[in-house]
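A short worksheet on the structure shown next.
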Amino acid sequence: MRILVVSAHYPPNHTSGGTLVPQRLARGLAARGHEVSVYAGHLGDEREPLSTWDERDETGLPIHWISITPFTSWSDPLNSLNPAVEDEFRAWLREHPVDVVHLHSLQTFGAGLVSIAAESGARVVVTMHDFWWSCARQFLVAPDRRPCSLVVACGGCPCAVDHEWLRARNRALGTHLARADVVLAPSRTAADVMIANGVPAGRMRVDENGIPTPQAVDHVSPADGAIRLVFAGGRDPMKGLPVLREALAEVPPGAWSIDLFGVTPEDVEGLGSHVRARERYRPDELAGVLAEHDVLVLASVMRESHSILTREALMAGLAVVCTDTLGPEEVVVDGANGLVVPAGDAHALAVAIRSLVTDPARVATLQEHAPDVRVRTLDEQVASTEALFVELLAEPADVASAVEPLVRRVLFIVGIPGAPLRYRAQLPAEALAEMGIVSEVRHYRDPELPALAAFADAVVLYRVPATDQVLELVGSIRSRERRVPILFDVDDLIVDPELRGQVHGLEGMAEAELDLWWRGVARYRTTLEAADAYIGSTDALCEQVGALTGLPTYRYANGVGTTMGQLAEHALGRPRSPGPLRIGYFSGTTTHDADWALIEPAVVEILRRYPEIELWLGGHLRTGDDLTPFEHRVRRLPMLAWTDLPGRLRDLDVNLAPLVLGSVFNEAKSAIKWLEAALVATPTVASPTQPFAEAIEHGQTGLLAATSQEWVEALDMLIGDEHQRALIGARAQRSALLRYSPARQGERYRAILLDAARRVAEGGEARVSTWSPVSDDEPYTAAAAHWVEAYPPPAGRPAAAWRRYVAVVRHTYSDGGVRAVVAGVRRRVRRG
């Protein structure tokens, strides 16, 4: 097998964890008898830019070097796409054809090498050793050294130039990455980050870095029994030295010390004699360094895709305190062999360090379990890489794919404003835009609906009550020569009139109001019955609607929008407002009194146990008499705009999400209350309905509580354990972003639309509905054409420019009629 290993940085010119991997793989594959060569970038002023030369390393491996020194700046466009290097690489490949090209770090080389490798006829593998493909600064850290959003679309990081520059750069890189056969990441969490940023999950694989057989470590115990910590990050701020300094200042001196390797005495000045600056150790000295310490402190603010040192320390019997920077957490289990704290949080790091240096027995327990870690060997990685290459070469290079139905334009027809509209129509439209699919979101009485529907490849009716006009529109769509799918979406179980009497929150209505409310349910049911399929936010909704109607159903969970993600990131950029600990419940609507009553006894007990905490209650909520003695500690907050919600949730220490159990209606409700709190790293205690149990990993990303006693225990733990409170909130934030990012949501929604389009195209036996339609006459109105919910501008679009754009759209569509609609759609399709 002829293999080319490509890396913009390579030993001995540049040595790091990310550069040792391609070198070790190249040598390992050559030792297995393959014809291996290396194409490497060289840093150094002694060579002319783009000059090339060939040499062999000490093992005889041929290396083709190219000087790339001028292109190392993160803001340099040539760091991302470098035509001159592409030309040289293309020429080299023509003279040295290979079967497989394995590309590693490509900064300064540029992403175009992926396409050139694919065009050469070779199979192409890309390993992402860091996050360069979505973060020009490589490590998802802002210039002010604060961790960025793991999902670029949900953040506002200025990166190397500005956020819009980053988004455009990433789109350009993505067109080249699409040419790779397989994309590898050295940890599961790193792979999840790349998938959340748009790398198709089907092409992503985990390939953990292999570690050569480590030197034996003969652990030396101190005579005085003091706890000895070690930090090896040096002076690089992204390795966390400033954060560690701040944390150490909070930990009183005692029977403990810490050695900071690679720093100067000035870096630790004022921290005490127990905090010692050490010169950087050589690689062959690592075993000795580890033998003389008990705890490794990894304070990185940069996201680490793997972290070899963490694994080496655990194998040597050290406990590890690490930040939640992805790769280290694959092996550090909080409370078992170490502690995990949120990145960039000096206070949380101080709490963790203090808990260890004051408890030697706990350190000993963590050390006892440290060597239990399972670490992949280098031989295993080489063998796995070889097997992957063999697998790729065994596949046909061009596999003909089945022709998919065309879905390029989607029309969302909606019935209500507010948060449900955002989650079920505007955010899916935004997510589909990531896939290059154009969407319109219009009110069901908009007079331009017939014209828009004529050009749509799929129509989604979100919470639309049946009207004579809507049913006529559905009929016209069905009469088209090319059938397109019509889907109905509703995020509450309000399509079954048989549930009358089982829905909480309607008890105060007069009989006439109730009749009108349930007629609305019947009208929703009528529109549902006219559709080809149903989209629901929870499994319970899909099961209930499927059983009720016999329609095909699709699950599409509520997800994260770019604007909400950016608002949450902004809220996270500040500490919680000063004051006592706060637990809070924001009801949102008038239908949650019974849910609150479920947990009020537990909350009263907590208020009794902790006289210093406050209870925040938001929205429309009636509380019981048992809360009266604590009213001076209850802060009642009015309803607020959804754009202000992240800030309010950020100021909570614990979020409450109760639902009455055993209710079909409640089982159908989504886990929005967890999701919104998670985005600002506020931990949630929730009732264990199916959606909450699916969203929350109990004890990791939140807590589930069914009984009053469980609610008390959950709140007691979070209030009393600052470390766990911070850690659970941080894990919840990551889970929310990585599972429900716009890119992931766009893939899911696109898959739903394609499957529904296939079903419609294939026809089959028609479904027979026994439902008696209920509809009203609601003519189209020009007022509905201008119906636009207040919505912040998309990422990077100035608010004033966005308002002007909306005004132009309104004017064009109201004055231009069908031609304007068609022209507008075509323009947006051309823009992609």
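In the structure tokens, the first chain shown is A, the next is B, and so on; residue numbers restart at 1 for each chain, and ligands run from 1 in the order shown.
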
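Per DSSP on the backbone, alpha helix (DSSP H) in segment 450-500 of chain A comprises A:Pro450, A:Ala451, A:Leu452, A:Ala453, A:Asp468, A:Gln469, A:Val470, A:Leu471, A:Glu472, A:Leu473, A:Val474, A:Gly475, A:Ser476, A:Ile477, A:Arg478.
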
Prev. selection, all heavy atoms, output as a compact mmCIF listing (two decimals), in the first residue's frame:
```txt
# COMPACT_ATOMS: atom_id res chain seq x y z
N PRO A 450 -50.85 30.74 -1.34
CA PRO A 450 -50.99 29.92 -2.56
C PRO A 450 -49.81 30.06 -3.50
O PRO A 450 -49.33 29.07 -4.07
CB PRO A 450 -52.30 30.43 -3.18
CG PRO A 450 -53.08 30.97 -2.02
CD PRO A 450 -52.05 31.58 -1.11
N ALA A 451 -49.30 31.30 -3.66
CA ALA A 451 -48.16 31.49 -4.56
C ALA A 451 -46.91 30.84 -4.00
O ALA A 451 -46.15 30.19 -4.73
CB ALA A 451 -47.93 32.99 -4.78
N LEU A 452 -46.68 30.99 -2.70
CA LEU A 452 -45.50 30.38 -2.08
C LEU A 452 -45.58 28.86 -2.13
O LEU A 452 -44.58 28.18 -2.39
CB LEU A 452 -45.36 30.86 -0.64
CG LEU A 452 -44.92 32.32 -0.45
CD1 LEU A 452 -45.15 32.76 0.99
CD2 LEU A 452 -43.46 32.48 -0.83
N ALA A 453 -46.75 28.33 -1.88
CA ALA A 453 -46.92 26.88 -1.87
C ALA A 453 -46.66 26.28 -3.24
O ALA A 453 -46.19 25.13 -3.34
CB ALA A 453 -48.33 26.51 -1.39
N ASP A 468 -61.41 26.99 5.99
CA ASP A 468 -61.80 26.59 4.63
C ASP A 468 -60.66 26.87 3.66
O ASP A 468 -60.40 26.10 2.73
CB ASP A 468 -63.06 27.36 4.20
CG ASP A 468 -64.25 27.06 5.09
OD1 ASP A 468 -64.19 26.05 5.84
OD2 ASP A 468 -65.22 27.84 5.07
N GLN A 469 -59.94 27.98 3.91
CA GLN A 469 -58.87 28.38 3.01
C GLN A 469 -57.66 27.43 3.14
O GLN A 469 -57.03 27.07 2.13
CB GLN A 469 -58.45 29.82 3.32
CG GLN A 469 -59.49 30.88 2.98
CD GLN A 469 -60.67 30.88 3.95
OE1 GLN A 469 -60.56 30.40 5.08
NE2 GLN A 469 -61.80 31.41 3.51
N VAL A 470 -57.33 27.04 4.37
CA VAL A 470 -56.20 26.12 4.56
C VAL A 470 -56.48 24.77 3.92
O VAL A 470 -55.62 24.19 3.24
CB VAL A 470 -55.89 25.96 6.06
CG1 VAL A 470 -54.96 24.76 6.30
CG2 VAL A 470 -55.27 27.23 6.63
N LEU A 471 -57.70 24.27 4.09
CA LEU A 471 -58.04 22.97 3.50
C LEU A 471 -58.04 23.05 1.98
O LEU A 471 -57.64 22.10 1.30
CB LEU A 471 -59.40 22.51 4.03
CG LEU A 471 -59.45 22.23 5.54
CD1 LEU A 471 -60.86 21.80 5.95
CD2 LEU A 471 -58.44 21.17 5.93
N GLU A 472 -58.48 24.20 1.44
CA GLU A 472 -58.43 24.38 -0.01
C GLU A 472 -56.98 24.41 -0.49
O GLU A 472 -56.65 23.84 -1.53
CB GLU A 472 -59.15 25.68 -0.40
CG GLU A 472 -59.17 25.93 -1.90
CD GLU A 472 -59.85 27.24 -2.26
OE1 GLU A 472 -60.43 27.88 -1.36
OE2 GLU A 472 -59.76 27.63 -3.42
N LEU A 473 -56.10 25.06 0.28
CA LEU A 473 -54.68 25.12 -0.07
C LEU A 473 -54.07 23.73 -0.08
O LEU A 473 -53.32 23.36 -1.00
CB LEU A 473 -53.94 26.02 0.91
CG LEU A 473 -52.43 26.15 0.70
CD1 LEU A 473 -52.13 26.84 -0.62
CD2 LEU A 473 -51.78 26.91 1.86
N VAL A 474 -54.40 22.93 0.93
CA VAL A 474 -53.88 21.56 0.99
C VAL A 474 -54.34 20.78 -0.25
O VAL A 474 -53.57 20.04 -0.87
CB VAL A 474 -54.34 20.87 2.28
CG1 VAL A 474 -54.06 19.37 2.22
CG2 VAL A 474 -53.67 21.49 3.49
N GLY A 475 -55.60 20.98 -0.63
CA GLY A 475 -56.11 20.30 -1.82
C GLY A 475 -55.37 20.71 -3.08
O GLY A 475 -55.06 19.87 -3.94
N SER A 476 -55.04 21.99 -3.20
CA SER A 476 -54.32 22.45 -4.40
C SER A 476 -52.91 21.90 -4.44
O SER A 476 -52.39 21.59 -5.52
CB SER A 476 -54.30 23.98 -4.43
OG SER A 476 -53.45 24.49 -3.41
N ILE A 477 -52.27 21.76 -3.28
CA ILE A 477 -50.93 21.18 -3.24
C ILE A 477 -50.98 19.72 -3.68
O ILE A 477 -50.11 19.25 -4.42
CB ILE A 477 -50.33 21.31 -1.82
CG1 ILE A 477 -50.11 22.77 -1.46
CG2 ILE A 477 -49.01 20.54 -1.71
CD1 ILE A 477 -49.75 23.01 0.00
N ARG A 478 -52.03 19.02 -3.24
CA ARG A 478 -52.15 17.61 -3.61
C ARG A 478 -52.45 17.43 -5.10
O ARG A 478 -52.17 16.36 -5.66
CB ARG A 478 -53.28 16.97 -2.79
CG ARG A 478 -52.90 16.75 -1.34
CD ARG A 478 -53.35 15.34 -0.91
NE ARG A 478 -52.68 14.96 0.31
CZ ARG A 478 -53.11 15.24 1.52
NH1 ARG A 478 -54.23 15.92 1.67
NH2 ARG A 478 -52.43 14.85 2.58
```

Can you list every residue of segment 288-375 of chain A that has an atom at most 7 Å from segment 719-742 of chain A, with its nearest atom pair and the distance in Å to one decimal, using only C-alpha atoms, ordered by chain then number, as JSON lines?
```
{"residue": "A:Val341", "atom": "CA", "partner": "A:Leu727", "partner_atom": "CA", "distance": 6.0}
{"residue": "A:Pro342", "atom": "CA", "partner": "A:Ala730", "partner_atom": "CA", "distance": 6.2}
{"residue": "A:Ala348", "atom": "CA", "partner": "A:His723", "partner_atom": "CA", "distance": 6.6}
{"residue": "A:Val351", "atom": "CA", "partner": "A:His723", "partner_atom": "CA", "distance": 6.8}
{"residue": "A:Ala352", "atom": "CA", "partner": "A:His723", "partner_atom": "CA", "distance": 6.9}
```

Using only C-alpha atoms, what does the table of segment 156-252 of chain A residues within 7 Å of segment 288-296 of chain A look like, with each row giving the shortest atom pair and its distance in Å to one decimal, sorted by chain and ascending number, as a tab-separated table?
```
residue	atom	partner	partner_atom	distance
A:Val217	CA	A:Ala291	CA	5.7
A:Asp218	CA	A:Ala291	CA	5.8
A:His219	CA	A:Ala291	CA	4.2
A:Val220	CA	A:Glu292	CA	5.5
A:Ile227	CA	A:Asp294	CA	6.4
A:Arg228	CA	A:His293	CA	5.0
A:Leu229	CA	A:Val295	CA	4.7
A:Val230	CA	A:Leu296	CA	5.0
A:Phe231	CA	A:Leu296	CA	6.1
```

Val363 of chain A surroundings by only C-alpha atoms, 12 Å radius, close-in-sequence under 6 positions cut, as a list in words: Gly225, Ala226, Ile227, Arg228, Leu229, Trp256, His293, Asp294, Val295, Leu296, Gly317, Leu318, Ala319, Val320, Val321, Gly335, Ala336, Asn337, Gly338, Leu339, Ala352, Ile353, Arg354, Ser355, Leu356, Val357, His369 and Ala370 of chain A

Selected residues, C-alpha atoms, written as a CSV table (one decimal), in the first residue's frame, please.
```
chain,number,residue,atom,x,y,z
A,225,GLY,CA,2.8,13.3,54.2
A,226,ALA,CA,2.2,16.6,52.4
A,227,ILE,CA,0.1,16.6,49.2
A,228,ARG,CA,2.3,17.4,46.2
A,229,LEU,CA,0.6,18.9,43.1
A,256,TRP,CA,0.7,20.9,50.5
A,293,HIS,CA,3.9,14.2,42.8
A,294,ASP,CA,0.4,13.1,43.8
A,295,VAL,CA,-1.9,15.3,41.8
A,296,LEU,CA,-1.6,16.7,38.2
A,317,GLY,CA,-0.8,6.7,39.8
A,318,LEU,CA,-1.5,10.5,40.0
A,319,ALA,CA,-4.9,11.9,40.6
A,320,VAL,CA,-5.9,14.5,38.1
A,321,VAL,CA,-7.7,17.9,38.5
A,335,GLY,CA,-14.8,11.7,42.2
A,336,ALA,CA,-13.3,8.4,41.1
A,337,ASN,CA,-9.7,9.2,39.9
A,338,GLY,CA,-9.8,13.0,39.9
A,339,LEU,CA,-11.9,16.1,39.8
A,352,ALA,CA,-11.4,21.6,43.8
A,353,ILE,CA,-7.8,22.1,44.9
A,354,ARG,CA,-8.8,23.0,48.4
A,355,SER,CA,-11.0,19.9,48.7
A,356,LEU,CA,-7.9,17.8,48.0
A,357,VAL,CA,-5.1,19.5,49.9
A,369,HIS,CA,-8.1,4.2,41.2
A,370,ALA,CA,-6.0,6.3,38.8
```

What's around segment 705-710 of chain A at 12 Å? Count only C-alpha atoms, leave out sequence neighbours fewer than 4 positions away in its own chain, and write the answer as JSON, numbers by chain. {"A": [595, 596, 597, 598, 599, 600, 601, 602, 603, 604, 605, 606, 656, 657, 658, 659, 660, 661, 662, 684, 685, 686, 687, 688, 689, 692, 693, 696, 698, 699, 714, 715, 716, 717]}

Store the residues of this selection in a file with N, CA, C and O atoms, as a compact mmCIF listing (two decimals), in the first residue's frame.
```
# COMPACT_ATOMS: atom_id res chain seq x y z
N ASP A 595 -48.40 21.72 38.61
CA ASP A 595 -47.00 21.30 38.60
C ASP A 595 -46.25 21.90 39.79
O ASP A 595 -45.46 21.21 40.45
N TRP A 596 -46.49 23.19 40.06
CA TRP A 596 -45.83 23.81 41.22
C TRP A 596 -46.27 23.15 42.52
O TRP A 596 -45.46 22.91 43.41
N ALA A 597 -47.57 22.87 42.63
CA ALA A 597 -48.09 22.26 43.86
C ALA A 597 -47.38 20.94 44.15
O ALA A 597 -47.23 20.54 45.32
N LEU A 598 -46.93 20.27 43.11
CA LEU A 598 -46.22 18.99 43.27
C LEU A 598 -44.95 19.16 44.09
O LEU A 598 -44.60 18.28 44.90
N ILE A 599 -44.24 20.28 43.92
CA ILE A 599 -42.94 20.43 44.58
C ILE A 599 -42.94 21.47 45.70
O ILE A 599 -41.93 21.64 46.37
N GLU A 600 -44.05 22.14 45.90
CA GLU A 600 -44.05 23.18 46.93
C GLU A 600 -43.64 22.66 48.31
O GLU A 600 -42.84 23.33 49.00
N PRO A 601 -44.09 21.49 48.76
CA PRO A 601 -43.64 21.01 50.08
C PRO A 601 -42.12 20.84 50.14
O PRO A 601 -41.50 21.16 51.17
N ALA A 602 -41.51 20.34 49.06
CA ALA A 602 -40.06 20.15 49.06
C ALA A 602 -39.35 21.50 49.09
O ALA A 602 -38.35 21.68 49.79
N VAL A 603 -39.85 22.47 48.34
CA VAL A 603 -39.24 23.79 48.32
C VAL A 603 -39.36 24.45 49.70
O VAL A 603 -38.41 25.08 50.19
N VAL A 604 -40.52 24.29 50.34
CA VAL A 604 -40.70 24.85 51.68
C VAL A 604 -39.69 24.23 52.65
O VAL A 604 -39.10 24.93 53.49
N GLU A 605 -39.47 22.92 52.53
CA GLU A 605 -38.49 22.26 53.40
C GLU A 605 -37.09 22.81 53.16
O GLU A 605 -36.31 23.03 54.11
N ILE A 606 -36.73 23.04 51.93
CA ILE A 606 -35.42 23.59 51.62
C ILE A 606 -35.28 25.01 52.16
O ILE A 606 -34.24 25.40 52.71
N LEU A 656 -35.80 24.86 38.51
CA LEU A 656 -36.79 23.83 38.84
C LEU A 656 -37.70 23.59 37.63
O LEU A 656 -38.16 24.54 37.00
N ALA A 657 -37.96 22.33 37.33
CA ALA A 657 -38.80 21.98 36.18
C ALA A 657 -39.75 20.85 36.56
O ALA A 657 -39.58 19.70 36.12
N PRO A 658 -40.76 21.13 37.39
CA PRO A 658 -41.70 20.07 37.80
C PRO A 658 -42.82 19.86 36.78
O PRO A 658 -43.25 20.80 36.10
N LEU A 659 -43.28 18.63 36.66
CA LEU A 659 -44.47 18.29 35.89
C LEU A 659 -45.20 17.18 36.63
O LEU A 659 -44.57 16.26 37.16
N VAL A 660 -46.52 17.28 36.67
CA VAL A 660 -47.32 16.24 37.29
C VAL A 660 -47.12 14.94 36.51
O VAL A 660 -47.28 14.92 35.28
N LEU A 661 -46.76 13.88 37.21
CA LEU A 661 -46.50 12.60 36.56
C LEU A 661 -47.79 11.85 36.31
O LEU A 661 -48.81 12.08 36.97
N GLY A 662 -47.74 10.94 35.33
CA GLY A 662 -48.90 10.12 35.03
C GLY A 662 -49.89 10.78 34.11
O GLY A 662 -50.95 10.22 33.82
N THR A 684 -30.46 21.91 36.49
CA THR A 684 -31.90 21.75 36.61
C THR A 684 -32.25 20.49 37.39
O THR A 684 -31.62 19.45 37.20
N VAL A 685 -33.27 20.61 38.25
CA VAL A 685 -33.92 19.44 38.84
C VAL A 685 -35.28 19.34 38.17
O VAL A 685 -36.04 20.32 38.14
N ALA A 686 -35.60 18.18 37.61
CA ALA A 686 -36.83 18.02 36.81
C ALA A 686 -37.57 16.75 37.19
O ALA A 686 -36.98 15.80 37.72
N SER A 687 -38.84 16.74 36.87
CA SER A 687 -39.64 15.51 37.01
C SER A 687 -39.22 14.53 35.94
O SER A 687 -38.91 14.93 34.80
N PRO A 688 -39.23 13.23 36.24
CA PRO A 688 -38.73 12.25 35.28
C PRO A 688 -39.74 11.84 34.21
O PRO A 688 -40.01 10.66 34.00
N THR A 689 -40.31 12.82 33.51
CA THR A 689 -41.11 12.48 32.33
C THR A 689 -40.14 11.97 31.26
O THR A 689 -38.93 12.17 31.35
N PHE A 692 -37.71 14.67 29.79
CA PHE A 692 -36.68 15.09 30.73
C PHE A 692 -35.69 13.95 30.98
O PHE A 692 -34.48 14.17 31.08
N ALA A 693 -36.19 12.72 31.10
CA ALA A 693 -35.30 11.58 31.33
C ALA A 693 -34.39 11.35 30.14
O ALA A 693 -33.25 10.87 30.29
N ILE A 696 -31.78 14.56 30.27
CA ILE A 696 -30.92 14.65 31.45
C ILE A 696 -30.29 13.30 31.77
O ILE A 696 -31.00 12.30 31.93
N HIS A 698 -28.95 11.64 34.70
CA HIS A 698 -29.12 11.92 36.13
C HIS A 698 -27.76 11.96 36.83
O HIS A 698 -26.95 11.04 36.71
N GLY A 699 -27.53 13.05 37.55
CA GLY A 699 -26.29 13.20 38.29
C GLY A 699 -25.15 13.75 37.44
O GLY A 699 -24.10 14.08 37.98
N ALA A 714 -32.34 16.17 46.04
CA ALA A 714 -31.67 16.76 44.89
C ALA A 714 -31.29 18.21 45.16
O ALA A 714 -30.15 18.64 44.90
N LEU A 715 -32.23 18.98 45.71
CA LEU A 715 -31.95 20.38 46.01
C LEU A 715 -30.90 20.50 47.11
O LEU A 715 -30.02 21.37 47.06
N ASP A 716 -30.98 19.63 48.09
CA ASP A 716 -30.02 19.64 49.19
C ASP A 716 -28.60 19.42 48.67
O ASP A 716 -27.65 20.10 49.08
N MET A 717 -28.44 18.48 47.74
CA MET A 717 -27.12 18.19 47.19
C MET A 717 -26.58 19.39 46.41
O MET A 717 -25.44 19.81 46.60
```

If you run DSSP on the backbone, which residues of segment 81-329 of chain A are strand (DSSP E), as a ChimeraX atom specification? /A:100-103,123-127,182-185,204-206,227-231,256-261,275-278,295-298,319-323

Need the shell around Arg146 of chain A: protein/DNA/RNA residues with any atom at most 7 Å away, counting only C-alpha atoms. Skip same-chain ones fewer than 5 positions apart. Format as a ChimeraX atom specification? /A:141,301,344

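Closest approach to Leu140 of chain A among A:Arg519, A:Trp74, A:Arg303, A:Pro222: A:Arg303, based on only C-alpha atoms.
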
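Close contacts of Gly763 of chain A, defined as residues with an atom at most 12 Å away when counting only C-alpha atoms, with chain neighbours fewer than 6 positions off set aside, comprise A:Arg478, A:Arg482, A:Arg483, A:Val484, A:Pro485, A:Asp532, A:Ala756, A:Ala757.
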
Based on the selection just made, write N, CA and C atoms of those residues as a PDB file, in the first residue's frame.
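Heads up, here's the output in part19.pdb:
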```pdb
ATOM      1  N   ARG A 478     -52.027  19.023  -3.245  1.00  0.00           N
ATOM      2  CA  ARG A 478     -52.153  17.609  -3.612  1.00  0.00           C
ATOM      3  C   ARG A 478     -52.447  17.432  -5.098  1.00  0.00           C
ATOM      4  N   ARG A 482     -46.292  17.176  -9.497  1.00  0.00           N
ATOM      5  CA  ARG A 482     -45.262  16.601  -8.621  1.00  0.00           C
ATOM      6  C   ARG A 482     -45.726  16.742  -7.187  1.00  0.00           C
ATOM      7  N   ARG A 483     -46.087  15.642  -6.581  1.00  0.00           N
ATOM      8  CA  ARG A 483     -46.563  15.673  -5.207  1.00  0.00           C
ATOM      9  C   ARG A 483     -45.436  16.032  -4.257  1.00  0.00           C
ATOM     10  N   VAL A 484     -45.724  16.881  -3.320  1.00  0.00           N
ATOM     11  CA  VAL A 484     -44.770  17.230  -2.274  1.00  0.00           C
ATOM     12  C   VAL A 484     -45.402  16.919  -0.925  1.00  0.00           C
ATOM     13  N   PRO A 485     -44.597  16.611   0.074  1.00  0.00           N
ATOM     14  CA  PRO A 485     -45.154  16.222   1.364  1.00  0.00           C
ATOM     15  C   PRO A 485     -45.760  17.406   2.118  1.00  0.00           C
ATOM     16  N   ASP A 532     -49.926  14.573   5.343  1.00  0.00           N
ATOM     17  CA  ASP A 532     -49.348  13.278   4.972  1.00  0.00           C
ATOM     18  C   ASP A 532     -48.601  12.635   6.138  1.00  0.00           C
ATOM     19  N   ALA A 756     -40.222  11.905   4.118  1.00  0.00           N
ATOM     20  CA  ALA A 756     -41.626  12.189   3.824  1.00  0.00           C
ATOM     21  C   ALA A 756     -41.842  12.357   2.329  1.00  0.00           C
ATOM     22  N   ALA A 757     -40.874  12.988   1.641  1.00  0.00           N
ATOM     23  CA  ALA A 757     -40.992  13.157   0.188  1.00  0.00           C
ATOM     24  C   ALA A 757     -40.954  11.808  -0.519  1.00  0.00           C
TER      25      ALA A 757
END
```

Which segment 463-576 of chain A residues have any atom within 7 Å of an atom of segment 149-161 of chain A, and for each, what is the nearest pair of atoms with distance in Å to one decimal, counting only C-alpha atoms, rows sorted by chain and number, as CSV?
```
residue,atom,partner,partner_atom,distance
A:Gly561,CA,A:Cys154,CA,6.9
A:Thr562,CA,A:Cys154,CA,4.4
A:Thr563,CA,A:Cys154,CA,6.8
A:Gly565,CA,A:Cys154,CA,4.3
A:Gln566,CA,A:Gly155,CA,4.6
A:Glu569,CA,A:Gly155,CA,6.2
```

Hey, can you spit out that residue selection with N, CA, C and O atoms as a short mmCIF file (atom, residue, chain, number, x, y, z; two decimals), in the first residue's frame?
```
data_model
loop_
_atom_site.label_atom_id
_atom_site.label_comp_id
_atom_site.auth_asym_id
_atom_site.auth_seq_id
_atom_site.Cartn_x
_atom_site.Cartn_y
_atom_site.Cartn_z
N GLY A 561 -31.11 27.56 18.84
CA GLY A 561 -31.00 28.50 17.74
C GLY A 561 -29.75 29.35 17.89
O GLY A 561 -29.19 29.49 18.99
N THR A 562 -29.32 29.95 16.79
CA THR A 562 -28.09 30.75 16.85
C THR A 562 -28.26 31.96 17.76
O THR A 562 -27.36 32.29 18.55
N THR A 563 -29.42 32.61 17.69
CA THR A 563 -29.60 33.81 18.50
C THR A 563 -29.67 33.48 19.98
O THR A 563 -29.03 34.14 20.81
N GLY A 565 -28.37 30.91 21.39
CA GLY A 565 -27.02 30.49 21.77
C GLY A 565 -26.12 31.68 22.02
O GLY A 565 -25.34 31.70 22.98
N GLN A 566 -26.23 32.71 21.18
CA GLN A 566 -25.39 33.89 21.35
C GLN A 566 -25.80 34.69 22.59
O GLN A 566 -24.95 35.21 23.32
N GLU A 569 -24.39 32.81 25.48
CA GLU A 569 -22.95 33.01 25.61
C GLU A 569 -22.65 34.38 26.23
O GLU A 569 -21.76 34.51 27.07
#
```

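Atom CA of Ser7 of chain A sits 6.2 Å away from atom CA of Leu106 of chain A.
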
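Using only C-alpha atoms, the shortest contact distance between Glu434 of chain A and any of A:Ala249, A:Leu103, A:Val332, A:Val199 is found at A:Val199.
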